[in-house]
Amino acid sequence: MRGVPEGFDETSPIFSIAAAAELAGLHAQTLRQYDRLGLVQPSRTAGNTRRYSMRDIGRLGQVQLLSGEGVSLEGIRRILDMSDENRELRARVRELEGALADAVMQQQGRRVFAAGTAGITTIRAGARPTKANQVVVWRPQRRD
């Protein structure tokens with residue numbers, strides 16, 4: 001992320017409740033209510049002070065938008081829970097796709113070719129061509 005100090009990301013709990021309320025355009029008491037209802041659950045410091053991340057601020061915006069569209073707070077909670085589950089499942093799918101691709105590349109009999117100025121050459125499965133301007137072509141064996 002641009003403009004974020006090193007070691008921080010969108011999940012870093014850096015905003016006090018007052019700052020988070022101002023960023024979200026809400027009253028601090030509304031944020032406390034959302035926390036009690038489980039809509040937005042900020043991190044806590046050792047002194048039990050709420051600390052909000054940029055992801056929490058975005059979530060507050062989602063709550064505000066859905067509330068403005070007439071969705072009940074329970075409905076909003078369910079929508080946000082499903083959205084969180086969807087994000088986690090998509091990350092898991094990406095992880096499994098990567099593992100599957102790695103497993104396929106490690107199978108015996110797979111051939112990988114690189115095309116460059118020297119012509120077309122075979123390279124080791126899972127390896128990358130030595131030059132960035134080469135093209136990799138992969139053709140799996142057909143099983144008849």
# chains A, B, ... in the order shown; residues from 1 in each chain; ligands from 1
call {"tool": "closest_atom_pairs", "arguments": {"of": "stretch 39-71 of chain A", "to": "stretch 6-23 of chain A", "cutoff": "6 Å", "atoms": "only C-alpha atoms", "output": "tab-separated table"}}
result
residue	atom	partner	partner_atom	distance
A:Arg51	CA	A:Pro13	CA	5.0
A:Tyr52	CA	A:Pro13	CA	4.8
A:Ser53	CA	A:Pro13	CA	4.2
A:Met54	CA	A:Glu10	CA	4.9
A:Arg55	CA	A:Glu10	CA	5.5
call {"tool": "atom_distance", "arguments": {"atom1": "atom CA of A:Gln62", "atom2": "atom CA of A:Tyr34"}}
result
12.0 Å
call {"tool": "select_by_dssp", "arguments": {"residues": "stretch 48-131 of chain A", "states": "helix (DSSP H, G or I)", "output": "ChimeraX atom specification"}}
result
/A:54-68,73-106
call {"tool": "residues_around", "arguments": {"residues": "A:Leu39", "least_positions_apart": "6", "cutoff": "8 Å", "atoms": "only C-alpha atoms", "output": "number ranges by chain"}}
result
A: 63, 76-77, 80
call {"tool": "write_last_selection", "arguments": {"atoms": "N, CA and C atoms", "output": "PDB file, in the first residue's frame"}}
result
ATOM      1  N   VAL A  63     -21.298  -1.207   6.703  1.00  0.00           N
ATOM      2  CA  VAL A  63     -22.427  -1.223   7.645  1.00  0.00           C
ATOM      3  C   VAL A  63     -23.304  -0.005   7.405  1.00  0.00           C
ATOM      4  N   ILE A  76     -27.279  -7.170   8.347  1.00  0.00           N
ATOM      5  CA  ILE A  76     -25.935  -6.675   8.040  1.00  0.00           C
ATOM      6  C   ILE A  76     -24.889  -7.626   8.604  1.00  0.00           C
ATOM      7  N   ARG A  77     -25.095  -8.080   9.833  1.00  0.00           N
ATOM      8  CA  ARG A  77     -24.142  -9.017  10.443  1.00  0.00           C
ATOM      9  C   ARG A  77     -24.014 -10.270   9.598  1.00  0.00           C
ATOM     10  N   LEU A  80     -22.107  -9.496   6.333  1.00  0.00           N
ATOM     11  CA  LEU A  80     -20.675  -9.331   6.584  1.00  0.00           C
ATOM     12  C   LEU A  80     -20.007 -10.661   6.907  1.00  0.00           C
TER      13      LEU A  80
END
call {"tool": "closest_residue", "arguments": {"among": "A:Thr49, A:Ser72, A:Gln64, A:Thr122", "to": "A:Ala24", "atoms": "only C-alpha atoms"}}
result
A:Gln64
call {"tool": "select_by_dssp", "arguments": {"residues": "stretch 13-60 of chain A", "states": "strand (DSSP E or B)", "output": "PDB file with all heavy atoms, in the first residue's frame"}}
result
ATOM      1  N   PHE A  15      -5.912   3.055  14.599  1.00  0.00           N
ATOM      2  CA  PHE A  15      -6.782   4.201  14.837  1.00  0.00           C
ATOM      3  C   PHE A  15      -7.543   4.075  16.155  1.00  0.00           C
ATOM      4  O   PHE A  15      -8.110   3.029  16.453  1.00  0.00           O
ATOM      5  CB  PHE A  15      -7.808   4.364  13.702  1.00  0.00           C
ATOM      6  CG  PHE A  15      -7.178   4.583  12.360  1.00  0.00           C
ATOM      7  CD1 PHE A  15      -7.150   3.566  11.423  1.00  0.00           C
ATOM      8  CD2 PHE A  15      -6.610   5.802  12.043  1.00  0.00           C
ATOM      9  CE1 PHE A  15      -6.576   3.762  10.177  1.00  0.00           C
ATOM     10  CE2 PHE A  15      -6.022   6.007  10.807  1.00  0.00           C
ATOM     11  CZ  PHE A  15      -6.012   4.986   9.875  1.00  0.00           C
ATOM     12  N   SER A  43      -9.442  -4.457  17.291  1.00  0.00           N
ATOM     13  CA  SER A  43      -8.455  -5.046  18.206  1.00  0.00           C
ATOM     14  C   SER A  43      -8.474  -4.251  19.503  1.00  0.00           C
ATOM     15  O   SER A  43      -9.014  -3.149  19.565  1.00  0.00           O
ATOM     16  CB  SER A  43      -7.061  -4.983  17.584  1.00  0.00           C
ATOM     17  OG  SER A  43      -7.027  -5.724  16.397  1.00  0.00           O
ATOM     18  N   ARG A  44      -7.866  -4.813  20.520  1.00  0.00           N
ATOM     19  CA  ARG A  44      -7.787  -4.134  21.822  1.00  0.00           C
ATOM     20  C   ARG A  44      -6.334  -4.040  22.251  1.00  0.00           C
ATOM     21  O   ARG A  44      -5.532  -4.940  21.998  1.00  0.00           O
ATOM     22  CB  ARG A  44      -8.566  -4.916  22.891  1.00  0.00           C
ATOM     23  CG  ARG A  44     -10.037  -5.078  22.630  1.00  0.00           C
ATOM     24  CD  ARG A  44     -10.778  -3.814  22.941  1.00  0.00           C
ATOM     25  NE  ARG A  44     -12.216  -4.000  22.780  1.00  0.00           N
ATOM     26  CZ  ARG A  44     -13.111  -3.400  23.527  1.00  0.00           C
ATOM     27  NH1 ARG A  44     -12.734  -2.598  24.488  1.00  0.00           N
ATOM     28  NH2 ARG A  44     -14.386  -3.595  23.303  1.00  0.00           N
ATOM     29  N   ARG A  50      -9.996   0.268  22.319  1.00  0.00           N
ATOM     30  CA  ARG A  50     -10.248  -0.186  20.950  1.00  0.00           C
ATOM     31  C   ARG A  50      -9.247   0.449  19.986  1.00  0.00           C
ATOM     32  O   ARG A  50      -8.968   1.640  20.079  1.00  0.00           O
ATOM     33  CB  ARG A  50     -11.657   0.215  20.513  1.00  0.00           C
ATOM     34  CG  ARG A  50     -12.762  -0.510  21.222  1.00  0.00           C
ATOM     35  CD  ARG A  50     -14.123   0.078  20.821  1.00  0.00           C
ATOM     36  NE  ARG A  50     -15.228  -0.609  21.431  1.00  0.00           N
ATOM     37  CZ  ARG A  50     -15.750  -0.322  22.624  1.00  0.00           C
ATOM     38  NH1 ARG A  50     -15.242   0.655  23.342  1.00  0.00           N
ATOM     39  NH2 ARG A  50     -16.762  -1.010  23.102  1.00  0.00           N
ATOM     40  N   ARG A  51      -8.769  -0.367  19.029  1.00  0.00           N
ATOM     41  CA  ARG A  51      -7.897   0.114  17.953  1.00  0.00           C
ATOM     42  C   ARG A  51      -8.444  -0.431  16.641  1.00  0.00           C
ATOM     43  O   ARG A  51      -8.594  -1.636  16.474  1.00  0.00           O
ATOM     44  CB  ARG A  51      -6.446  -0.342  18.139  1.00  0.00           C
ATOM     45  CG  ARG A  51      -5.734   0.356  19.252  1.00  0.00           C
ATOM     46  CD  ARG A  51      -5.420   1.788  18.874  1.00  0.00           C
ATOM     47  NE  ARG A  51      -4.727   2.437  19.979  1.00  0.00           N
ATOM     48  CZ  ARG A  51      -4.982   3.663  20.374  1.00  0.00           C
ATOM     49  NH1 ARG A  51      -5.898   4.379  19.777  1.00  0.00           N
ATOM     50  NH2 ARG A  51      -4.307   4.183  21.369  1.00  0.00           N
ATOM     51  N   TYR A  52      -8.722   0.471  15.716  1.00  0.00           N
ATOM     52  CA  TYR A  52      -9.326   0.118  14.434  1.00  0.00           C
ATOM     53  C   TYR A  52      -8.281   0.113  13.321  1.00  0.00           C
ATOM     54  O   TYR A  52      -7.368   0.922  13.303  1.00  0.00           O
ATOM     55  CB  TYR A  52     -10.438   1.118  14.084  1.00  0.00           C
ATOM     56  CG  TYR A  52     -11.629   1.029  14.997  1.00  0.00           C
ATOM     57  CD1 TYR A  52     -11.642   1.670  16.234  1.00  0.00           C
ATOM     58  CD2 TYR A  52     -12.744   0.284  14.634  1.00  0.00           C
ATOM     59  CE1 TYR A  52     -12.736   1.581  17.079  1.00  0.00           C
ATOM     60  CE2 TYR A  52     -13.846   0.190  15.478  1.00  0.00           C
ATOM     61  CZ  TYR A  52     -13.829   0.836  16.695  1.00  0.00           C
ATOM     62  OH  TYR A  52     -14.914   0.741  17.539  1.00  0.00           O
TER      63      TYR A  52
END
